[in-house]
Structures are given as structure tokens and as C-alpha cells.
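Peer 1: So I've got this file, run.txt, and it contains compact mmCIF, C-alpha atoms:
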# COMPACT_ATOMS: atom_id res chain seq x y z
CA MET M 1 10.53 13.34 -19.26
CA GLU M 2 6.80 13.86 -19.56
CA ALA M 3 5.20 15.88 -16.74
CA ASP M 4 2.96 14.10 -14.22
CA GLY M 5 0.00 16.28 -15.14
CA ASP M 6 0.13 15.22 -18.81
CA LEU M 7 0.50 11.56 -17.90
CA VAL M 8 -2.41 11.78 -15.46
CA ALA M 9 -4.65 13.43 -18.08
CA ARG M 10 -3.78 10.76 -20.65
CA ALA M 11 -4.19 7.92 -18.14
CA ALA M 12 -7.59 9.30 -17.06
CA ALA M 13 -8.62 9.20 -20.73
CA GLY M 14 -7.79 5.49 -20.83
CA ASP M 15 -4.19 5.53 -22.11
CA GLU M 16 -2.67 2.40 -20.55
CA GLN M 17 0.90 3.40 -21.44
CA ALA M 18 0.55 6.70 -19.58
CA PHE M 19 -0.58 4.87 -16.45
CA ALA M 20 2.27 2.38 -16.87
CA ALA M 21 4.69 5.34 -16.94
CA LEU M 22 3.21 6.71 -13.69
CA LEU M 23 3.43 3.26 -12.14
CA GLU M 24 7.08 2.96 -13.16
CA ARG M 25 7.85 6.43 -11.79
CA TYR M 26 6.20 6.06 -8.39
CA ARG M 27 6.00 2.34 -7.52
CA ASP M 28 9.24 2.18 -5.51
CA ARG M 29 8.48 5.26 -3.42
CA VAL M 30 4.95 4.07 -2.68
CA PHE M 31 6.32 0.68 -1.67
CA ARG M 32 8.99 2.23 0.57
CA LEU M 33 6.39 4.40 2.28
CA ALA M 34 4.10 1.40 2.87
CA VAL M 35 6.88 -0.79 4.22
CA SER M 36 8.13 2.04 6.45
CA ILE M 37 4.72 2.06 8.17
CA LEU M 38 4.27 -1.72 8.41
CA GLY M 39 7.83 -2.66 9.36
CA GLN M 40 10.64 -5.00 8.32
CA ALA M 41 8.66 -8.19 8.90
CA PHE M 42 5.85 -7.20 6.53
CA VAL M 43 7.48 -6.61 3.16
CA GLY M 44 4.99 -8.91 1.39
CA GLU M 45 2.02 -7.10 2.90
CA ALA M 46 3.55 -3.75 1.89
CA GLU M 47 3.76 -4.97 -1.70
CA GLU M 48 0.07 -5.90 -1.60
CA VAL M 49 -0.79 -2.45 -0.24
CA THR M 50 1.26 -0.89 -3.05
CA GLN M 51 -0.70 -2.90 -5.60
CA GLU M 52 -4.04 -1.90 -4.06
CA VAL M 53 -3.01 1.77 -3.97
CA PHE M 54 -2.29 1.78 -7.72
CA LEU M 55 -5.55 -0.01 -8.50
CA ARG M 56 -7.49 2.46 -6.36
CA VAL M 57 -5.68 5.45 -7.88
CA HIS M 58 -6.35 4.13 -11.39
CA HIS M 59 -10.09 4.01 -10.66
CA ALA M 60 -10.02 7.47 -9.06
CA LEU M 61 -7.96 9.22 -11.76
CA LYS M 62 -11.01 10.82 -13.34
CA SER M 63 -11.91 12.48 -10.04
CA PHE M 64 -8.36 13.81 -9.51
CA ARG M 65 -8.73 17.58 -9.92
CA GLY M 66 -5.06 18.47 -9.74
CA GLU M 67 -5.46 20.67 -6.65
CA SER M 68 -2.30 19.07 -5.28
CA LYS M 69 0.58 17.38 -7.07
CA PHE M 70 -0.10 13.84 -8.26
CA GLY M 71 2.74 12.52 -6.08
CA THR M 72 1.39 14.25 -2.97
CA TRP M 73 -2.06 12.77 -3.60
CA LEU M 74 -0.59 9.32 -4.23
CA TYR M 75 1.50 9.36 -1.03
CA ARG M 76 -1.51 10.53 0.99
CA VAL M 77 -3.60 7.64 -0.39
CA THR M 78 -0.74 5.25 0.43
CA PHE M 79 -0.29 6.56 3.97
CA ASN M 80 -4.02 6.41 4.75
CA GLN M 81 -4.51 2.99 3.20
CA THR M 82 -1.52 1.50 5.03
CA VAL M 83 -2.45 3.03 8.39
CA ASN M 84 -6.05 1.82 7.96
CA LEU M 85 -4.84 -1.68 7.16
CA LYS M 86 -2.56 -1.64 10.18
CA ALA M 87 -5.47 -0.56 12.38
CA ARG M 88 -7.78 -3.27 10.99
CA VAL M 89 -5.31 -6.15 11.02
CA ARG M 90 -3.13 -6.73 14.02
CA PHE M 91 0.36 -7.08 12.66
CA ASN M 92 2.48 -9.27 14.88
CA ALA M 93 6.08 -9.75 13.93
CA PRO M 94 7.06 -13.43 13.88
CA HIS M 95 8.25 -14.28 17.35
CA VAL M 96 11.80 -15.59 17.57
CA THR M 97 12.24 -17.69 20.69
CA GLU M 98 15.31 -17.62 22.89
CA ASP M 99 15.90 -21.29 21.96
CA ALA M 100 15.91 -20.49 18.26
CA LEU M 101 18.36 -17.65 18.83
CA ALA M 102 20.60 -19.90 20.95
CA ARG M 103 20.55 -22.72 18.33
CA GLN M 104 21.44 -20.24 15.61
CA ALA M 105 24.23 -18.82 17.74
CA ALA M 106 25.66 -22.28 18.58
CA ALA M 107 26.34 -22.96 14.89
CA ASP M 108 28.33 -19.77 14.52
CA PRO M 109 31.96 -18.97 15.42
CA ASP M 110 31.03 -15.53 16.81
CA ALA M 111 28.07 -17.04 18.58
CA LEU M 112 27.84 -14.82 21.65
CA THR M 113 28.25 -11.55 19.77
CA ARG M 114 25.66 -12.54 17.22
CA LEU M 115 23.23 -13.71 19.86
CA GLU M 116 23.53 -10.43 21.75
CA ARG M 117 23.13 -8.47 18.53
CA ALA M 118 20.05 -10.46 17.51
CA ARG M 119 18.50 -9.90 20.95
CA ARG M 120 19.26 -6.19 20.80
CA ASP M 121 17.84 -5.86 17.27
CA ALA M 122 14.68 -7.65 18.34
CA VAL M 123 14.26 -5.26 21.28
CA VAL M 124 14.87 -2.22 19.05
CA ALA M 125 12.30 -3.50 16.51
CA GLU M 126 9.81 -4.10 19.31
CA CYS M 127 10.26 -0.57 20.67
CA VAL M 128 10.03 1.02 17.20
CA ALA M 129 6.76 -0.87 16.61
CA GLU M 130 5.27 0.78 19.71
CA LEU M 131 5.88 4.32 18.41
CA PRO M 132 3.17 6.34 16.62
CA ALA M 133 2.87 5.36 12.91
CA ILE M 134 4.32 8.63 11.63
CA TYR M 135 7.45 8.28 13.85
CA GLN M 136 7.91 4.65 12.78
CA SER M 137 7.69 5.65 9.16
CA ALA M 138 10.20 8.49 9.53
CA LEU M 139 12.66 6.30 11.46
CA ARG M 140 12.54 3.37 9.02
CA LEU M 141 12.78 5.61 5.97
CA HIS M 142 15.80 7.37 7.42
CA TYR M 143 17.76 4.65 9.21
CA TRP M 144 16.73 1.53 7.30
CA MET M 145 16.27 2.79 3.79
CA GLY M 146 18.72 5.68 3.99
CA GLU M 147 16.28 8.30 2.66
CA SER M 148 17.22 11.97 3.01
CA ILE M 149 15.21 14.37 5.16
CA ALA M 150 13.95 16.10 1.99
CA GLU M 151 12.71 12.81 0.49
CA ILE M 152 10.96 11.84 3.74
CA ALA M 153 9.32 15.28 3.84
CA THR M 154 7.98 14.67 0.31
CA LEU M 155 6.70 11.19 1.14
CA LEU M 156 5.01 12.25 4.37
CA ASP M 157 3.84 15.59 2.92
CA VAL M 158 5.28 17.66 5.78
CA PRO M 159 8.02 20.34 5.99
CA GLU M 160 11.62 19.17 6.47
CA ASN M 161 11.77 20.69 9.97
CA THR M 162 8.78 18.57 10.94
CA VAL M 163 10.63 15.44 9.79
CA LYS M 164 13.63 16.47 11.90
CA SER M 165 11.39 16.93 14.91
CA TYR M 166 9.70 13.53 14.29
CA LEU M 167 13.14 11.89 14.25
CA PHE M 168 14.30 13.75 17.35
CA ARG M 169 11.15 12.90 19.30
CA ALA M 170 11.22 9.27 18.11
CA ARG M 171 14.84 8.89 19.27
CA GLN M 172 13.96 10.38 22.67
CA LEU M 173 11.04 7.99 23.09
CA LEU M 174 13.14 5.05 21.96
CA GLN M 175 15.89 5.91 24.36
CA SER M 176 13.53 5.89 27.28
CA MET M 177 11.83 2.66 26.10
CA LEU M 178 15.20 0.91 25.71
CA LYS M 179 16.21 2.12 29.16
CA ASP M 180 13.03 0.58 30.59
CA ARG M 181 14.01 -2.73 28.95
CA GLY M 182 17.46 -2.66 30.47
CA TYR M 183 19.48 -1.23 27.57
CA ASP M 184 21.02 1.62 29.50
CA ASN M 185 23.95 2.12 27.17
CA ALA M 186 21.61 3.04 24.28
CA MET P 1 17.96 16.81 27.38
CA PRO P 2 20.99 16.35 25.14
CA GLU P 3 20.51 13.69 22.52
CA PRO P 4 23.10 10.92 22.83
CA ILE P 5 25.01 9.90 19.73
CA GLU P 6 24.67 6.23 20.75
CA ILE P 7 20.99 5.94 19.91
CA GLU P 8 21.72 7.22 16.40
CA ALA P 9 24.46 4.60 15.90
CA LEU P 10 22.31 1.88 17.46
CA LEU P 11 19.42 2.60 15.10
CA ARG P 12 21.66 2.59 12.04
CA GLU P 13 23.35 -0.65 13.00
CA SER P 14 20.18 -2.41 14.11
CA MET P 15 17.97 -1.39 11.19
CA GLN P 16 20.58 -1.83 8.50
CA ALA P 17 21.09 -5.44 9.58
CA ALA P 18 18.25 -6.17 7.14
CA ALA P 19 18.74 -5.09 3.52
CA PRO P 20 16.34 -2.38 2.26
CA PRO P 21 13.34 -4.09 0.67
CA LYS P 22 12.59 -4.18 -3.05
CA LEU P 23 9.47 -4.93 -5.02
CA THR P 24 9.37 -8.35 -6.66
CA PRO P 25 10.27 -8.29 -10.38
CA THR P 26 6.73 -9.30 -11.43
CA PHE P 27 5.05 -6.42 -9.59
CA THR P 28 4.38 -4.14 -12.59
CA GLN P 29 3.10 -7.04 -14.67
CA ARG P 30 0.69 -8.10 -11.90
CA VAL P 31 -0.74 -4.57 -11.57
CA THR P 32 -1.18 -4.04 -15.32
CA THR P 33 -2.83 -7.47 -15.67
CA ARG P 34 -5.35 -6.58 -12.98
CA LEU P 35 -6.05 -3.23 -14.65
CA ARG P 36 -6.81 -4.74 -18.04
CA PRO P 37 -10.55 -5.12 -18.57
CA ARG P 38 -11.58 -8.76 -18.62
CA ARG P 39 -13.46 -9.30 -21.86
CA LEU P 40 -15.75 -12.24 -22.48
CA SER P 41 -14.92 -14.53 -25.36
CA ALA P 42 -17.03 -14.24 -28.53
CA GLY P 43 -18.90 -17.47 -27.66
CA ALA P 44 -19.66 -16.28 -24.14
CA GLN P 45 -20.92 -12.93 -25.49
CA ARG P 46 -23.26 -14.74 -27.92
CA ALA P 47 -24.56 -16.97 -25.10
CA LEU P 48 -25.14 -13.94 -22.88
CA ARG P 49 -27.06 -12.11 -25.65
CA PHE P 50 -29.21 -15.21 -26.29
CA TYR P 51 -29.93 -15.53 -22.55
CA ALA P 52 -30.94 -11.85 -22.29
CA LEU P 53 -33.21 -12.09 -25.30
CA ALA P 54 -34.84 -15.30 -24.01
CA ALA P 55 -35.35 -13.68 -20.60
CA VAL P 56 -37.10 -10.69 -22.18
CA VAL P 57 -39.33 -12.88 -24.38
CA VAL P 58 -40.32 -15.16 -21.46
CA SER P 59 -40.95 -12.18 -19.14
CA VAL P 60 -43.17 -10.45 -21.70
CA ALA P 61 -45.06 -13.68 -22.40
CA VAL P 62 -45.65 -14.36 -18.70
CA MET P 63 -46.75 -10.78 -17.95
CA TRP P 64 -49.08 -10.73 -20.99
CA SER P 65 -50.60 -14.10 -20.05
CA GLN P 66 -51.34 -12.68 -16.59
CA GLY P 67 -53.25 -9.78 -18.13
CA VAL P 68 -50.66 -7.03 -17.47
CA GLU P 69 -51.17 -3.99 -19.67
CA TRP P 70 -48.75 -3.39 -22.55
CA SER P 71 -47.82 0.03 -21.14
CA LEU P 72 -46.71 -1.55 -17.83
CA ILE P 73 -44.82 -4.28 -19.66
CA ALA P 74 -42.99 -1.63 -21.71
CA LEU P 75 -42.24 0.41 -18.55
CA SER P 76 -40.76 -2.60 -16.72
CA LEU P 77 -38.55 -3.41 -19.72
CA ALA P 78 -37.42 0.22 -20.00
CA VAL P 79 -36.52 0.43 -16.27
CA THR P 80 -34.48 -2.80 -16.56
CA ALA P 81 -32.71 -1.50 -19.67
CA VAL P 82 -31.81 1.81 -17.94
CA ILE P 83 -30.46 0.04 -14.83
CA GLY P 84 -28.40 -2.26 -17.08
CA ALA P 85 -26.98 0.72 -18.99
CA ILE P 86 -26.02 2.54 -15.76
CA VAL P 87 -24.26 -0.54 -14.36
CA ARG P 88 -22.42 -1.09 -17.65
CA SER P 89 -21.20 2.51 -17.85
CA ARG P 90 -19.90 2.33 -14.26
CA LEU P 91 -18.00 -0.85 -14.95
CA LYS P 92 -16.18 0.70 -17.90
Could you render the structure from this file as C-alpha cells?
Peer 2:
Amino acid sequence: MEADGDLVARAAAGDEQAFAALLERYRDRVFRLAVSILGQAFVGEAEEVTQEVFLRVHHALKSFRGESKFGTWLYRVTFNQTVNLKARVRFNAPHVTEDALARQAAADPDALTRLERARRDAVVAECVAELPAIYQSALRLHYWMGESIAEIATLLDVPENTVKSYLFRARQLLQSMLKDRGYDNA
Amino acid sequence: MPEPIEIEALLRESMQAAAPPKLTPTFTQRVTTRLRPRRLSAGAQRALRFYALAAVVVSVAVMWSQGVEWSLIALSLAVTAVIGAIVRSRLK
């Protein structure tokens, strides 16, 4: 497999195939990082961010000096672009009314269980969305997408111990938020 | 404060209710299409060249008819040509 540095040099010189190889290599990780910051309800928006990141990186390739790894640079661009977008645009998850949940539950044999589960999931998602962006990202990457601590550390460009402390702190905050919303058994 | 196991299980169960997301199959194609430089057709290029030439001829004629010196006319054309070259090189 060709090294990133060689691909970057060729892509910066205008080799479309080299850039296509970088795109193929990194697109899924960039997308996962973007969606981990925006949340489950914004997969489409995360894909748009991913596209914009690659377009921006393509234009900036000539100015990439190789002081850090290409991947590290790419993830930093992704993180900043996604957080900036989130700050500019208020992302509101589609609201599911109690009526809609009840109607859905009525058509199901395990209605009550499903209704309770849907309510609980909605509350968990609401609490996660109130956490700082870096905690949200770590939580979703770990619990939703099943990423390892090492992979999250690479994506967020922090040491593994820092990821562990993000997760620990996020769980503590969540626990107290869920308690405030009446989920004592969490 | 000891960390309860329950929150860990709750997060796993709640978040994994939705399948991990994937990029749409056309993603790579969309990015590469947007990266490809959009070239004008041969006819459009000819029309653009004709328009530029006509603009230069008309500008020179108007400036000369107003009594502008040839040196100033040449300078204004040169400045325009330099700006055009800079813009073109940045777009590449």
C-alpha cells in the first residue's frame, strides 16, 4: 500500500488517482467523526460535511507541509469544520411527539416495552446532545459505532488516556442528567 | 464516586438501537465530479475569445477618440491583462 506522504505529494501535483486513493482510504473515518459530532439524526448533514472537508483539503494540499501526519491534519480539519457548522446552524433533532410514540406502540405486540424504550432512548439522545462536543463525539464513536479507544484517540488526536477520561466524565454527567429527568435506575 | 455498570449498558443498548451510519454509494463519485475542472466547450471558448478581443478593440477606440495618450492606453491594457492572468492562475 502506497504511503500517505507519496499520495499527498502526487495529489498536490495534480494526480487525480492519488487523491482518489486518499479519498477511498479516509472517507469512512472522516464521515464517522463528523456524524459522531452532529448526532444520529444528522447523517445526511454529516455526509455533506465530509464532502466539503475533502474539497477543502484538495484545494489546500499544496500548502500541506507534512509537519503532522496527513490523517491527523484531515481529522483536525473535519473536527473544526463540523464544530463550526454546529455552532452556526442550530441542529434540532426531529421532535417525536408522545402521540406519535403511542400510535406506533399501539400497532405493536410488545407495545408498552417498545414505548418505554423509545422514550428512554429519546431522553438519552437529548442528554447526550447537551454534552460538550468532544464528549458527544467520544461517546457516539464508542457506544454507537463500536470504535476502539485507540481509534477514537487517533480520530480526536488525543492520547488514549484522555479518551478514557472523556468517556468517564461523559458517563458521570449523563448519569446526573438522567437522574434529573427521573431515570434514577440509570 | 463509583461508576455504575448500568449507565454503560444503557448507553450501549440505547445508541445501538440505530444501525451505525454509512456513506451513500454515490459519495466518491459526487466528490470526484466536483473536483474535476469544468472546461468550456470549444464553441464557448471561441465566443469568449471573440468577446475579449472585441472588448479590447472597442476600449482602445473609445479611449483614443477621447484623446487619451497611447502610453496610458497601453498601461490600462497591461494592468487588465496582469489581473486576468493572476485570477486564471488562482483558479487552476
Peer 1: Using only C-alpha atoms - which residues lie no farther than 9 Å from the point (4.4, 12.0, 2.0) in the file's frame? Write them as a PyMOL selection string.
Peer 2: chain M and resi 33+71-76+78-79+151-158
Peer 1: Next, the residues of the selection above should be written as a short mmCIF file (atom, residue, chain, number, x, y, z; two decimals), in the frame of the given file with C-alpha atoms.
Peer 2:
data_model
loop_
_atom_site.label_atom_id
_atom_site.label_comp_id
_atom_site.auth_asym_id
_atom_site.auth_seq_id
_atom_site.Cartn_x
_atom_site.Cartn_y
_atom_site.Cartn_z
CA LEU M 33 6.39 4.40 2.28
CA GLY M 71 2.74 12.52 -6.08
CA THR M 72 1.39 14.25 -2.97
CA TRP M 73 -2.06 12.77 -3.60
CA LEU M 74 -0.59 9.32 -4.23
CA TYR M 75 1.50 9.36 -1.03
CA ARG M 76 -1.51 10.53 0.99
CA THR M 78 -0.74 5.25 0.43
CA PHE M 79 -0.29 6.56 3.97
CA GLU M 151 12.71 12.81 0.49
CA ILE M 152 10.96 11.84 3.74
CA ALA M 153 9.32 15.28 3.84
CA THR M 154 7.98 14.67 0.31
CA LEU M 155 6.70 11.19 1.14
CA LEU M 156 5.01 12.25 4.37
CA ASP M 157 3.84 15.59 2.92
CA VAL M 158 5.28 17.66 5.78
#
Peer 1: Set the distance at 12 Å and use only C-alpha atoms: which residues neighbour Tyr183 (chain M) once local chain neighbours fewer than 6 positions away are removed? I'd like the list as a list of chain:residue names.
Peer 2: M:Glu116, M:Arg119, M:Arg120, M:Asp121, M:Val123, M:Val124, M:Cys127, M:Leu174, M:Gln175, M:Ser176, M:Met177, P:Glu6, P:Ile7, P:Leu10
Peer 1: Report the distance between CA of Thr82 (chain M) and CA of His142 (chain M) in Å, rounded to one decimal place.
Peer 2: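 Value for the CA of Thr82 (chain M)-CA of His142 (chain M) distance: 18.4 Å.
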Peer 1: Would you tabulate, counting all atoms listed in the file, all residues of chain M that have an atom at most 8 Å from an atom of chain P, showing the closest pair of atoms and their distance in Å to one decimal, sorted by chain then ascending number, as JSON lines?
Peer 2:
{"residue": "M:Ala20", "atom": "CA", "partner": "P:Thr32", "partner_atom": "CA", "distance": 7.5}
{"residue": "M:Leu23", "atom": "CA", "partner": "P:Thr28", "partner_atom": "CA", "distance": 7.5}
{"residue": "M:Glu24", "atom": "CA", "partner": "P:Thr28", "partner_atom": "CA", "distance": 7.6}
{"residue": "M:Asp28", "atom": "CA", "partner": "P:Leu23", "partner_atom": "CA", "distance": 7.1}
{"residue": "M:Phe31", "atom": "CA", "partner": "P:Leu23", "partner_atom": "CA", "distance": 7.3}
{"residue": "M:Arg32", "atom": "CA", "partner": "P:Pro21", "partner_atom": "CA", "distance": 7.7}
{"residue": "M:Gln40", "atom": "CA", "partner": "P:Ala18", "partner_atom": "CA", "distance": 7.8}
{"residue": "M:Val43", "atom": "CA", "partner": "P:Pro21", "partner_atom": "CA", "distance": 6.8}
{"residue": "M:Glu47", "atom": "CA", "partner": "P:Leu23", "partner_atom": "CA", "distance": 6.6}
{"residue": "M:Gln51", "atom": "CA", "partner": "P:Val31", "partner_atom": "CA", "distance": 6.2}
{"residue": "M:Phe54", "atom": "CA", "partner": "P:Val31", "partner_atom": "CA", "distance": 7.6}
{"residue": "M:Leu55", "atom": "CA", "partner": "P:Leu35", "partner_atom": "CA", "distance": 7.0}
{"residue": "M:Arg120", "atom": "CA", "partner": "P:Ser14", "partner_atom": "CA", "distance": 7.7}
{"residue": "M:Asp121", "atom": "CA", "partner": "P:Ser14", "partner_atom": "CA", "distance": 5.2}
{"residue": "M:Val124", "atom": "CA", "partner": "P:Ser14", "partner_atom": "CA", "distance": 7.3}
{"residue": "M:Arg140", "atom": "CA", "partner": "P:Met15", "partner_atom": "CA", "distance": 7.5}
{"residue": "M:Tyr143", "atom": "CA", "partner": "P:Arg12", "partner_atom": "CA", "distance": 5.2}
{"residue": "M:Trp144", "atom": "CA", "partner": "P:Met15", "partner_atom": "CA", "distance": 5.0}
{"residue": "M:Met145", "atom": "CA", "partner": "P:Pro20", "partner_atom": "CA", "distance": 5.4}
{"residue": "M:Arg171", "atom": "CA", "partner": "P:Ile7", "partner_atom": "CA", "distance": 6.9}
{"residue": "M:Gln172", "atom": "CA", "partner": "P:Glu3", "partner_atom": "CA", "distance": 7.3}
{"residue": "M:Gln175", "atom": "CA", "partner": "P:Ile7", "partner_atom": "CA", "distance": 6.8}
{"residue": "M:Asn185", "atom": "CA", "partner": "P:Glu6", "partner_atom": "CA", "distance": 7.7}
{"residue": "M:Ala186", "atom": "CA", "partner": "P:Ile7", "partner_atom": "CA", "distance": 5.3}
Peer 1: Which residue, M:Ala111, M:Leu22, M:Val77, M:Ile37, has the smallest gap to Ala138 (chain M) when you use only C-alpha atoms?
Peer 2: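 Of M:Ala111, M:Leu22, M:Val77, M:Ile37, the one nearest Ala138 (chain M) is M:Ile37, counting only C-alpha atoms.
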Peer 1: So how many Å separate CA of Thr50 (chain M) and CA of Asp15 (chain M), to one decimal?
Peer 2: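 Answer for the CA of Thr50 (chain M) to CA of Asp15 (chain M) separation: 20.8 Å.
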Peer 1: Write out as a ChimeraX atom specification each polymer residue whose atoms come within 9 Å of Val83 (chain M), counting all atoms listed in the file; drop sequence neighbours fewer than 2 positions from it.
Peer 2: /M:34,37-38,78-81,85-88,133
Peer 1: CA of Pro132 (chain M) to CA of Ala170 (chain M): how many Å, to one decimal?
Peer 2: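 CA of Ala170 (chain M) lies 8.7 Å from CA of Pro132 (chain M).
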